$ cat model11.txt   # compact mmCIF, C-alpha atoms
# COMPACT_ATOMS: atom_id res chain seq x y z
CA MET Z 19 -33.54 5.28 37.04
CA THR Z 20 -33.82 8.22 34.66
CA ARG Z 21 -32.97 7.88 30.99
CA TRP Z 22 -31.39 10.62 28.90
CA TYR Z 23 -34.12 10.33 26.26
CA GLU Z 24 -37.06 10.38 28.63
CA HIS Z 25 -39.54 12.43 26.62
CA ARG Z 26 -42.64 11.48 24.66
CA PHE Z 27 -41.17 12.07 21.18
CA HIS Z 28 -38.58 9.40 21.71
CA ASN Z 29 -40.80 6.59 20.43
CA ILE Z 30 -40.80 4.08 17.62
CA THR Z 31 -43.26 6.06 15.44
CA ALA Z 32 -41.06 9.17 15.53
CA GLN Z 33 -38.01 7.04 14.75
CA ARG Z 34 -39.69 5.31 11.80
CA ILE Z 35 -40.70 8.69 10.36
CA ILE Z 36 -37.09 9.91 10.67
CA PHE Z 37 -35.59 6.75 9.16
CA ALA Z 38 -38.12 6.70 6.29
CA ILE Z 39 -37.90 10.36 5.29
CA ILE Z 40 -34.48 11.79 6.16
CA PRO Z 41 -32.22 9.52 4.04
CA ARG Z 42 -34.38 10.36 0.96
CA LEU Z 43 -33.83 14.09 1.36
CA PRO Z 44 -30.79 16.02 0.15
CA ARG Z 45 -28.43 16.73 3.06
CA PHE Z 46 -28.73 20.52 2.72
CA LEU Z 47 -32.38 20.23 3.76
CA HIS Z 48 -31.57 18.46 7.04
CA PRO Z 49 -30.48 21.47 9.12
CA PRO Z 50 -33.56 23.62 8.32
CA ILE Z 51 -35.82 20.64 9.08
CA ALA Z 52 -33.95 20.12 12.36
CA VAL Z 53 -34.34 23.83 13.21
CA VAL Z 54 -38.13 23.53 12.88
CA THR Z 55 -38.36 20.12 14.56
CA ALA Z 56 -36.24 21.28 17.50
CA LEU Z 57 -38.50 24.33 17.85
CA ILE Z 58 -41.58 22.07 17.96
CA PHE Z 59 -39.91 19.90 20.62
CA TYR Z 60 -38.85 22.99 22.56
CA LEU Z 61 -42.38 24.43 22.55
CA MET Z 62 -44.27 21.21 23.25
CA LEU Z 63 -42.06 19.50 25.81
CA LYS Z 64 -42.52 21.93 28.70
CA ARG Z 65 -41.42 19.61 31.49
CA GLU Z 66 -38.26 18.62 29.61
CA ARG Z 67 -37.58 22.26 28.64
CA ARG Z 68 -37.70 23.27 32.32
CA ALA Z 69 -35.47 20.37 33.29
CA VAL Z 70 -32.87 21.21 30.61
CA ALA Z 71 -32.95 24.88 31.68
CA GLY Z 72 -32.36 23.82 35.28
CA ASN Z 73 -29.42 21.67 34.18
CA LEU Z 74 -27.83 24.34 31.99
CA ARG Z 75 -28.20 27.21 34.47
CA PRO Z 76 -25.30 26.20 36.77
CA VAL Z 77 -23.25 24.94 33.83
CA SER Z 78 -23.55 27.97 31.56
CA GLY Z 79 -24.13 30.74 34.09
CA LYS Z 80 -26.75 32.09 31.67
CA ARG Z 81 -30.22 33.36 32.54
CA GLY Z 82 -33.34 34.48 30.71
CA LEU Z 83 -33.43 34.45 26.91
CA ALA Z 84 -29.73 33.59 26.58
CA LEU Z 85 -30.39 30.44 28.63
CA GLN Z 86 -33.51 29.55 26.65
CA TRP Z 87 -31.55 29.89 23.39
CA LYS Z 88 -29.08 27.28 24.67
CA VAL Z 89 -31.94 25.05 25.86
CA TYR Z 90 -33.32 25.18 22.32
CA TRP Z 91 -29.90 24.01 21.03
CA VAL Z 92 -30.06 20.94 23.26
CA PHE Z 93 -33.21 19.92 21.38
CA TYR Z 94 -31.41 20.66 18.10
CA SER Z 95 -28.52 18.43 19.23
CA PHE Z 96 -31.04 15.70 19.95
CA CYS Z 97 -32.34 16.03 16.35
CA ASP Z 98 -28.78 15.64 15.03
CA LEU Z 99 -28.30 12.55 17.22
CA MET Z 100 -31.49 10.90 15.99
CA VAL Z 101 -30.77 11.66 12.33
CA SER Z 102 -27.24 10.32 12.75
CA TYR Z 103 -28.77 6.86 13.29
CA CYS Z 104 -29.64 6.99 9.55
CA TYR Z 105 -25.92 7.14 8.68
CA VAL Z 106 -23.61 6.18 11.55
CA PRO Z 107 -24.52 2.47 11.95
CA GLN Z 108 -23.88 1.47 8.33
CA SER Z 109 -21.10 3.93 7.40
CA THR Z 110 -17.72 2.54 6.42
CA HIS Z 111 -14.71 3.65 8.42
CA ALA Z 112 -13.74 6.02 5.61
CA GLU Z 113 -17.22 7.57 5.67
CA LEU Z 114 -17.07 7.96 9.44
CA LEU Z 115 -13.69 9.66 9.21
CA ALA Z 116 -15.11 12.00 6.58
CA MET Z 117 -17.69 13.12 9.16
CA LEU Z 118 -14.90 14.17 11.53
CA VAL Z 119 -13.36 17.63 11.49
CA ASP Z 120 -10.14 16.14 12.85
CA PRO Z 121 -9.60 12.58 11.54
CA GLU Z 122 -6.73 12.00 14.01
CA ARG Z 123 -9.48 11.69 16.69
CA GLY Z 124 -7.10 10.86 19.55
CA ALA Z 125 -6.28 7.55 17.84
CA ALA Z 126 -2.63 7.69 18.89
CA LYS Z 127 -3.59 8.01 22.57
CA ILE Z 128 -5.89 5.00 22.28
CA GLU Z 129 -3.27 2.89 20.50
CA GLN Z 130 -0.71 3.83 23.13
CA ALA Z 131 -3.07 2.80 25.93
CA LEU Z 132 -3.87 -0.52 24.23
CA ALA Z 133 -0.18 -1.27 23.68
CA ALA Z 134 0.14 -2.22 27.36
CA GLY Z 135 -2.15 -5.20 26.68
CA ASN Z 136 -4.61 -4.60 29.51
CA GLY Z 137 -7.47 -3.25 27.42
CA LEU Z 138 -8.95 0.21 27.65
CA ILE Z 139 -11.99 1.64 29.43
CA VAL Z 140 -13.44 4.62 27.59
CA TRP Z 141 -15.41 6.79 29.99
CA THR Z 142 -18.03 8.73 28.14
CA ALA Z 143 -21.26 10.56 28.95
CA HIS Z 144 -24.54 11.68 27.41
CA VAL Z 145 -22.77 14.45 25.51
CA GLY Z 146 -22.66 14.88 21.74
CA ASN Z 147 -22.91 11.63 19.83
CA TRP Z 148 -21.87 8.60 21.88
CA GLU Z 149 -22.99 6.13 19.18
CA PHE Z 150 -20.56 7.75 16.75
CA ALA Z 151 -17.91 7.43 19.46
CA SER Z 152 -18.44 3.67 19.76
CA ARG Z 153 -18.07 3.25 15.98
CA LEU Z 154 -14.82 5.24 16.04
CA LEU Z 155 -13.48 2.91 18.72
CA GLU Z 156 -14.12 -0.05 16.40
CA MET Z 157 -11.41 1.29 14.11
CA HIS Z 158 -8.72 0.05 16.48
CA GLY Z 159 -9.33 -3.51 15.28
CA ARG Z 160 -10.55 -4.83 18.60
CA PRO Z 161 -14.09 -5.62 19.73
CA VAL Z 162 -15.83 -2.76 21.53
CA ASN Z 163 -17.93 -3.78 24.53
CA VAL Z 164 -20.53 -1.15 25.29
CA ALA Z 165 -21.68 -1.47 28.89
CA ARG Z 166 -25.18 -0.11 29.33
CA VAL Z 167 -28.50 -0.84 30.95
CA VAL Z 168 -30.49 -2.48 28.18
CA GLU Z 169 -34.17 -1.63 28.07
CA ASP Z 170 -36.82 -3.58 26.25
CA LYS Z 171 -38.81 -0.58 25.06
CA PRO Z 172 -39.46 -0.75 21.28
CA ALA Z 173 -37.65 2.56 20.60
CA GLU Z 174 -34.58 1.34 22.46
CA ILE Z 175 -34.63 -2.06 20.71
CA LEU Z 176 -34.78 -0.40 17.29
CA LEU Z 177 -31.74 1.81 18.00
CA ARG Z 178 -29.83 -1.07 19.55
CA ASN Z 179 -30.48 -3.30 16.54
CA LEU Z 180 -29.32 -0.53 14.21
CA MET Z 181 -26.00 -0.26 16.02
CA ALA Z 182 -25.41 -4.02 16.44
CA SER Z 183 -22.41 -5.46 14.59
CA ASP Z 184 -19.76 -8.13 14.95
CA ARG Z 185 -17.33 -5.67 16.48
CA LEU Z 186 -19.77 -3.86 18.74
CA LYS Z 187 -21.10 -5.89 21.62
CA ILE Z 188 -23.66 -4.65 24.13
CA VAL Z 189 -23.14 -5.87 27.70
CA ASP Z 190 -26.30 -5.44 29.75
CA LEU Z 191 -25.45 -4.07 33.18
CA LYS Z 192 -28.78 -5.35 34.49
CA ALA Z 193 -27.16 -8.80 34.57
CA GLY Z 194 -25.06 -7.61 37.56
CA ALA Z 195 -21.99 -9.66 38.51
CA PRO Z 196 -21.95 -11.83 35.32
CA ALA Z 197 -21.89 -8.63 33.22
CA THR Z 198 -18.90 -7.37 35.23
CA LEU Z 199 -17.06 -10.65 34.66
CA GLU Z 200 -17.76 -10.34 30.94
CA LEU Z 201 -16.26 -6.84 30.90
CA LEU Z 202 -13.23 -7.94 32.91
CA LEU Z 203 -12.66 -10.85 30.55
CA ALA Z 204 -12.94 -8.50 27.55
CA LEU Z 205 -10.28 -6.20 29.02
CA ARG Z 206 -7.99 -9.14 29.67
CA ARG Z 207 -8.33 -9.96 25.96
CA ASN Z 208 -7.07 -6.40 25.37
CA GLU Z 209 -10.47 -5.24 24.10
CA ILE Z 210 -12.16 -1.88 24.58
CA VAL Z 211 -14.95 -1.28 27.09
CA ALA Z 212 -17.06 1.85 26.71
CA MET Z 213 -19.13 3.03 29.67
CA GLN Z 214 -21.43 6.00 30.28
CA GLY Z 215 -20.03 7.61 33.39
CA ASP Z 216 -22.71 10.17 34.15
CA ARG Z 217 -25.46 7.88 35.49
CA VAL Z 218 -25.52 6.01 38.77
CA TYR Z 219 -26.95 2.53 38.17
CA GLN Z 220 -25.77 0.80 41.32
CA ARG Z 221 -24.93 1.56 44.94
CA HIS Z 222 -21.17 2.00 44.48
CA SER Z 223 -20.75 5.68 43.73
CA ALA Z 224 -18.92 8.69 45.08
CA GLU Z 225 -19.98 12.27 45.49
CA VAL Z 226 -17.70 14.77 43.80
CA SER Z 227 -17.94 18.45 43.01
CA PHE Z 228 -19.43 19.00 39.56
CA PHE Z 229 -20.09 22.61 38.59
CA LEU Z 230 -19.75 23.42 42.30
CA GLN Z 231 -22.54 21.04 43.25
CA PRO Z 232 -22.02 17.72 45.05
CA THR Z 233 -22.93 15.06 42.48
CA SER Z 234 -22.87 11.26 42.53
CA PHE Z 235 -20.96 9.41 39.84
CA PRO Z 236 -20.42 5.64 39.60
CA LEU Z 237 -17.13 4.17 40.77
CA GLY Z 238 -17.65 0.97 38.72
CA PRO Z 239 -15.33 1.93 35.82
CA PHE Z 240 -12.52 2.68 38.27
CA PHE Z 241 -12.97 -0.59 40.19
CA LEU Z 242 -12.87 -2.39 36.85
CA SER Z 243 -9.70 -0.50 35.97
CA GLN Z 244 -8.15 -1.50 39.30
CA VAL Z 245 -8.74 -5.21 38.77
CA SER Z 246 -7.99 -5.35 35.05
CA GLY Z 247 -5.07 -2.93 34.93
CA ALA Z 248 -6.78 -1.05 32.08
CA PRO Z 249 -6.50 2.74 32.07
CA VAL Z 250 -9.67 4.84 31.99
CA MET Z 251 -9.78 7.36 29.17
CA PRO Z 252 -12.47 10.03 29.24
CA GLY Z 253 -13.68 10.90 25.75
CA PHE Z 254 -16.59 12.42 23.88
CA VAL Z 255 -17.64 13.01 20.30
CA ILE Z 256 -18.87 16.58 20.00
CA ARG Z 257 -21.06 17.94 17.19
CA GLN Z 258 -19.27 20.67 15.21
CA GLY Z 259 -21.92 21.18 12.56
CA TRP Z 260 -24.75 19.16 11.05
CA LEU Z 261 -23.52 15.53 11.12
CA ARG Z 262 -19.96 16.81 11.57
CA TYR Z 263 -18.07 15.80 14.69
CA HIS Z 264 -14.94 16.29 16.70
CA ALA Z 265 -13.51 13.60 18.99
CA MET Z 266 -12.21 14.93 22.29
CA MET Z 267 -10.06 12.52 24.28
CA GLY Z 268 -8.74 13.22 27.75
CA GLU Z 269 -5.52 11.91 29.23
CA PRO Z 270 -5.60 8.22 30.26
CA ILE Z 271 -6.15 7.77 33.98
CA PRO Z 272 -3.91 4.93 35.21
CA PRO Z 273 -5.39 2.15 37.35
CA VAL Z 274 -5.47 2.87 41.06
CA ALA Z 275 -3.60 0.36 43.22
CA ALA Z 276 -5.86 -1.54 45.61
CA ALA Z 277 -3.58 -0.56 48.50
CA ASP Z 278 -4.25 3.12 47.83
CA GLY Z 279 -7.83 2.80 49.08
CA ASP Z 280 -11.13 4.46 48.25
CA ALA Z 281 -9.75 8.02 48.32
CA ALA Z 282 -7.48 7.21 45.37
CA LEU Z 283 -10.43 5.75 43.45
CA GLN Z 284 -12.36 8.92 44.11
CA GLY Z 285 -9.35 10.93 42.93
CA ALA Z 286 -9.36 9.01 39.63
CA LEU Z 287 -13.10 9.63 39.28
CA CYS Z 288 -12.50 13.36 39.88
CA GLN Z 289 -10.08 13.47 36.93
CA ALA Z 290 -12.73 12.03 34.59
CA VAL Z 291 -15.45 14.29 35.97
CA HIS Z 292 -13.14 17.27 35.57
CA PHE Z 293 -12.72 16.44 31.87
CA LEU Z 294 -16.50 16.21 31.50
CA GLU Z 295 -16.86 19.56 33.28
CA LYS Z 296 -14.25 21.13 31.01
CA THR Z 297 -15.99 19.76 27.91
CA LEU Z 298 -19.41 20.94 29.06
CA THR Z 299 -18.13 24.44 29.82
CA THR Z 300 -17.97 24.93 26.05
CA HIS Z 301 -20.43 22.34 24.75
CA TYR Z 302 -23.20 22.37 27.35
CA ASP Z 303 -25.84 22.63 24.60
CA GLN Z 304 -24.97 19.03 23.69
CA TRP Z 305 -25.57 17.61 27.17
CA MET Z 306 -28.73 15.63 26.58
CA ASN Z 307 -30.51 15.16 29.86
CA PHE Z 308 -34.25 15.70 29.59
CA PHE Z 309 -34.73 15.31 33.32
CA GLU Z 310 -33.50 17.28 36.34
CA PHE Z 311 -29.85 16.25 36.75
CA TRP Z 312 -29.70 18.18 40.03
CA PRO Z 313 -33.31 18.04 41.27
CA VAL Z 314 -32.84 20.72 43.95
CA ALA Z 315 -30.81 23.13 41.84
CA SER Z 316 -33.33 23.06 39.00
CA ARG Z 317 -36.17 24.25 41.24
CA ASP Z 318 -34.67 27.69 41.83
CA MET R 481 -1.50 -26.10 55.19
CA PRO R 482 -5.22 -25.24 54.86
CA SER R 483 -6.94 -26.40 51.70
CA VAL R 484 -7.85 -23.95 48.95
CA LYS R 485 -11.48 -24.19 50.06
CA GLU R 486 -10.53 -23.29 53.63
CA GLN R 487 -8.46 -20.34 52.43
CA LEU R 488 -11.19 -19.21 50.04
CA LYS R 489 -14.02 -18.90 52.55
CA PRO R 490 -12.43 -16.11 54.67
CA ILE R 491 -11.48 -14.32 51.43
CA ILE R 492 -15.13 -14.38 50.36
CA LEU R 493 -16.27 -12.96 53.70
CA LYS R 494 -13.57 -10.27 53.65
CA SER R 495 -14.20 -9.22 50.04
CA LEU R 496 -17.93 -9.00 50.54
CA ARG R 497 -17.49 -7.28 53.90
CA ILE R 498 -19.70 -9.86 55.58
CA THR R 499 -19.22 -9.54 59.31
CA ASP R 500 -22.10 -11.58 60.69
CA MET R 501 -20.92 -14.94 59.33
CA THR R 502 -17.90 -17.16 59.90
CA PRO R 503 -16.15 -19.35 57.30
CA ASP R 504 -17.92 -22.36 58.81
CA ASP R 505 -21.28 -20.79 57.97
CA LEU R 506 -20.46 -20.97 54.26
CA ARG R 507 -21.59 -24.23 52.64
CA ASP R 508 -19.37 -25.84 50.01
CA ASP R 509 -22.27 -25.87 47.55
CA GLN R 510 -23.16 -22.24 48.29
CA PRO R 511 -23.80 -20.45 44.97
CA LEU R 512 -21.71 -17.33 44.43
CA LEU R 513 -23.78 -15.73 41.69
CA GLY R 514 -27.49 -15.19 42.21
CA GLY R 515 -27.47 -16.85 45.61
CA GLU R 516 -28.07 -15.64 49.14
CA LEU R 517 -24.65 -13.95 49.26
CA GLU R 518 -26.11 -11.36 46.85
CA ILE R 519 -22.82 -10.58 45.12
CA ASP R 520 -23.28 -7.46 43.01
CA SER R 521 -21.33 -6.04 40.10
CA ILE R 522 -18.66 -4.42 42.29
CA ASP R 523 -18.45 -7.16 44.96
CA ILE R 524 -17.42 -9.59 42.26
CA LEU R 525 -14.48 -7.37 41.30
CA GLN R 526 -13.34 -7.16 44.90
CA LEU R 527 -13.61 -10.93 45.19
CA VAL R 528 -11.62 -11.54 42.00
CA LEU R 529 -8.98 -9.04 43.12
CA GLU R 530 -8.55 -10.73 46.52
CA ILE R 531 -8.44 -14.25 45.05
CA GLU R 532 -5.88 -13.31 42.41
CA ARG R 533 -3.72 -11.51 44.96
CA HIS R 534 -3.90 -14.26 47.58
CA PHE R 535 -3.24 -17.19 45.24
CA GLY R 536 -0.99 -15.40 42.75
CA ILE R 537 -3.08 -16.46 39.75
CA LYS R 538 -5.17 -14.89 36.98
CA LEU R 539 -8.64 -16.25 37.66
CA VAL R 540 -10.48 -14.42 34.89
CA GLN R 541 -8.71 -15.02 31.58
CA ALA R 542 -9.10 -16.79 28.24
CA ASN R 543 -10.63 -20.08 29.40
CA PHE R 544 -12.80 -18.46 32.06
CA ASP R 545 -16.47 -19.43 32.37
CA LYS R 546 -19.08 -17.81 34.60
CA LYS R 547 -19.92 -21.33 35.75
CA HIS R 548 -16.68 -21.22 37.75
CA PHE R 549 -18.64 -19.14 40.25
CA GLU R 550 -21.42 -21.74 40.46
CA SER R 551 -20.43 -22.66 44.00
CA ILE R 552 -17.56 -22.34 46.47
CA GLU R 553 -16.63 -25.95 45.73
CA VAL R 554 -16.39 -25.37 41.96
CA LEU R 555 -14.44 -22.13 42.40
CA ALA R 556 -12.00 -23.78 44.80
CA ALA R 557 -11.35 -26.55 42.26
CA ILE R 558 -10.64 -24.00 39.53
CA ILE R 559 -8.27 -22.06 41.79
CA GLU R 560 -6.52 -25.29 42.73
CA SER R 561 -5.92 -26.19 39.09
CA LYS R 562 -4.64 -22.67 38.31
CA VAL R 563 -2.31 -22.69 41.31
CA ALA R 564 -0.97 -26.08 40.19
CA ALA R 565 -0.46 -24.74 36.66
CA VAL R 566 1.49 -21.74 37.98
CA ARG R 567 3.75 -24.01 40.04
CA THR R 568 4.62 -26.36 37.18

$ encode --input "model11.txt" --output "structure tokens"
Amino acid sequence: MTRWYEHRFHNITAQRIIFAIIPRLPRFLHPPIAVVTALIFYLMLKRERRAVAGNLRPVSGKRGLALQWKVYWVFYSFCDLMVSYCYVPQSTHAELLAMLVDPERGAAKIEQALAAGNGLIVWTAHVGNWEFASRLLEMHGRPVNVARVVEDKPAEILLRNLMASDRLKIVDLKAGAPATLELLLALRRNEIVAMQGDRVYQRHSAEVSFFLQPTSFPLGPFFLSQVSGAPVMPGFVIRQGWLRYHAMMGEPIPPVAAADGDAALQGALCQAVHFLEKTLTTHYDQWMNFFEFWPVASRD
Amino acid sequence: MPSVKEQLKPIILKSLRITDMTPDDLRDDQPLLGGELEIDSIDILQLVLEIERHFGIKLVQANFDKKHFESIEVLAAIIESKVAAVRT
């Protein structure tokens, strides 16, 4: 399985340096530091640079220097994400809202979906700042269950511990069926489940067109929706400036009836993937995949 | 009328799409999680869906415990108690 952060600067030493230095500096110094750091990453991480270029080519339609400029911005977005760990985990709700360009953040849509009492599945991806997104979801007064594959690497443990709180619970998908039952139970308590939809972790997936290329996406969130009755809402938190964000929420996708079969599940998945595609059309420089998302396409 | 256990076994085979076994091949003490049936994260949803639809109950709710899936026997007992609760 490939991780979004799979590059050699995503380690505990780099994180400790960030967490020790950045909060002591005035905020106006952050962007220039990020500009230089992103340039260092861009120049040193050749394999990742090629992979990102391969990923952005079909998404952006750009070539040559224009493409490389956008590749550089992916590394810059990564710097913003890492620095955000200095602020996002401990910020109050008021402080988080102050970091948003639009404090409404799709809250009404979420409240409306939760009003039915079946919980809500938020379908997100490795775009923008997904940690910020999970903290925003906390504001709805219900526990947020983040479903992810938990790794025991020190860098991952440090970030996970930073984000841990009473309202934010990590459900490790490695546990298999018991993890699914935990998520189903959470939804039946009318809680929120957040899932990364752009990685296939298990065998139940479907191939759909994504930037004109057949791409596998997991069907798990849609099966969970079917059994729980919870709608699936695609949503991302996009960077609008240094540590400034904009929440983009799609329309809720209602649960598919079991009698409608696998084609209907795939149809629901297509709606979520379409929202991701639409978001990436504008914000592809925040799609943080440091590996070849389409291995064949990236070799051209 | 067949017992809950007898009704449950074909449901398990159908949900898991197991075609090379019959209900008689399933032992009462057969574990459902982590056992030889190899129920994965999606299979379990299909199983819950079928059980809830067939028996007209909510299997996974407030007082639910993963131990309810310890074996077919345990699960059948839980279903039986939920069916009885629905009827009263």

$ interface_residues --input "model11.txt" --of "chain Z" --to "chain R" --cutoff "8 Å" --atoms "only C-alpha atoms" --output "number ranges by chain"
Z: 194-199, 202-203, 206-207, 222, 238, 241-242, 245

$ residues_near_point --input "model11.txt" --point "(-27.0, 21.0, 19.7)" --cutoff "12 Å" --atoms "only C-alpha atoms" --output "tab-separated table (two decimals) with C-alpha atoms, keeping the file's coordinate frame"
chain	number	residue	atom	x	y	z
Z	49	PRO	CA	-30.48	21.47	9.12
Z	52	ALA	CA	-33.95	20.12	12.36
Z	53	VAL	CA	-34.34	23.83	13.21
Z	56	ALA	CA	-36.24	21.28	17.50
Z	87	TRP	CA	-31.55	29.89	23.39
Z	88	LYS	CA	-29.08	27.28	24.67
Z	89	VAL	CA	-31.94	25.05	25.86
Z	90	TYR	CA	-33.32	25.18	22.32
Z	91	TRP	CA	-29.90	24.01	21.03
Z	92	VAL	CA	-30.06	20.94	23.26
Z	93	PHE	CA	-33.21	19.92	21.38
Z	94	TYR	CA	-31.41	20.66	18.10
Z	95	SER	CA	-28.52	18.43	19.23
Z	96	PHE	CA	-31.04	15.70	19.95
Z	97	CYS	CA	-32.34	16.03	16.35
Z	98	ASP	CA	-28.78	15.64	15.03
Z	99	LEU	CA	-28.30	12.55	17.22
Z	100	MET	CA	-31.49	10.90	15.99
Z	145	VAL	CA	-22.77	14.45	25.51
Z	146	GLY	CA	-22.66	14.88	21.74
Z	147	ASN	CA	-22.91	11.63	19.83
Z	256	ILE	CA	-18.87	16.58	20.00
Z	257	ARG	CA	-21.06	17.94	17.19
Z	258	GLN	CA	-19.27	20.67	15.21
Z	259	GLY	CA	-21.92	21.18	12.56
Z	260	TRP	CA	-24.75	19.16	11.05
Z	261	LEU	CA	-23.52	15.53	11.12
Z	262	ARG	CA	-19.96	16.81	11.57
Z	263	TYR	CA	-18.07	15.80	14.69
Z	300	THR	CA	-17.97	24.93	26.05
Z	301	HIS	CA	-20.43	22.34	24.75
Z	302	TYR	CA	-23.20	22.37	27.35
Z	303	ASP	CA	-25.84	22.63	24.60
Z	304	GLN	CA	-24.97	19.03	23.69
Z	305	TRP	CA	-25.57	17.61	27.17
Z	306	MET	CA	-28.73	15.63	26.58

$ residues_around --input "model11.txt" --residues "Ser78 (chain Z)" --least-positions-apart "2" --cutoff "10 Å" --atoms "all atoms listed in the file" --output "ChimeraX atom specification"
/Z:71,73-76,80-81,84-85,88,229,298-303

$ write_last_selection --input "model11.txt" --atoms "C-alpha atoms" --output "PDB file, in the coordinates of the input"
ATOM      1  CA  ALA Z  71     -32.950  24.880  31.680  1.00  0.00           C
ATOM      2  CA  ASN Z  73     -29.420  21.670  34.180  1.00  0.00           C
ATOM      3  CA  LEU Z  74     -27.830  24.340  31.990  1.00  0.00           C
ATOM      4  CA  ARG Z  75     -28.200  27.210  34.470  1.00  0.00           C
ATOM      5  CA  PRO Z  76     -25.300  26.200  36.770  1.00  0.00           C
ATOM      6  CA  LYS Z  80     -26.750  32.090  31.670  1.00  0.00           C
ATOM      7  CA  ARG Z  81     -30.220  33.360  32.540  1.00  0.00           C
ATOM      8  CA  ALA Z  84     -29.730  33.590  26.580  1.00  0.00           C
ATOM      9  CA  LEU Z  85     -30.390  30.440  28.630  1.00  0.00           C
ATOM     10  CA  LYS Z  88     -29.080  27.280  24.670  1.00  0.00           C
ATOM     11  CA  PHE Z 229     -20.090  22.610  38.590  1.00  0.00           C
ATOM     12  CA  LEU Z 298     -19.410  20.940  29.060  1.00  0.00           C
ATOM     13  CA  THR Z 299     -18.130  24.440  29.820  1.00  0.00           C
ATOM     14  CA  THR Z 300     -17.970  24.930  26.050  1.00  0.00           C
ATOM     15  CA  HIS Z 301     -20.430  22.340  24.750  1.00  0.00           C
ATOM     16  CA  TYR Z 302     -23.200  22.370  27.350  1.00  0.00           C
ATOM     17  CA  ASP Z 303     -25.840  22.630  24.600  1.00  0.00           C
TER      18      ASP Z 303
END

$ atom_distance --input "model11.txt" --atom1 "CA of Gly247 (chain Z)" --atom2 "CA of Gly137 (chain Z)"
7.9 Å

$ atom_distance --input "model11.txt" --atom1 "CA of Lys494 (chain R)" --atom2 "CA of Asp278 (chain Z)"
17.3 Å

$ atom_distance --input "model11.txt" --atom1 "CA of Asp500 (chain R)" --atom2 "CA of Val218 (chain Z)"
28.3 Å

$ closest_residue --input "model11.txt" --among "Z:Ala277, Z:Met266, Z:Val211, Z:Ile51" --to "Leu132 (chain Z)" --atoms "all atoms listed in the file"
Z:Val211
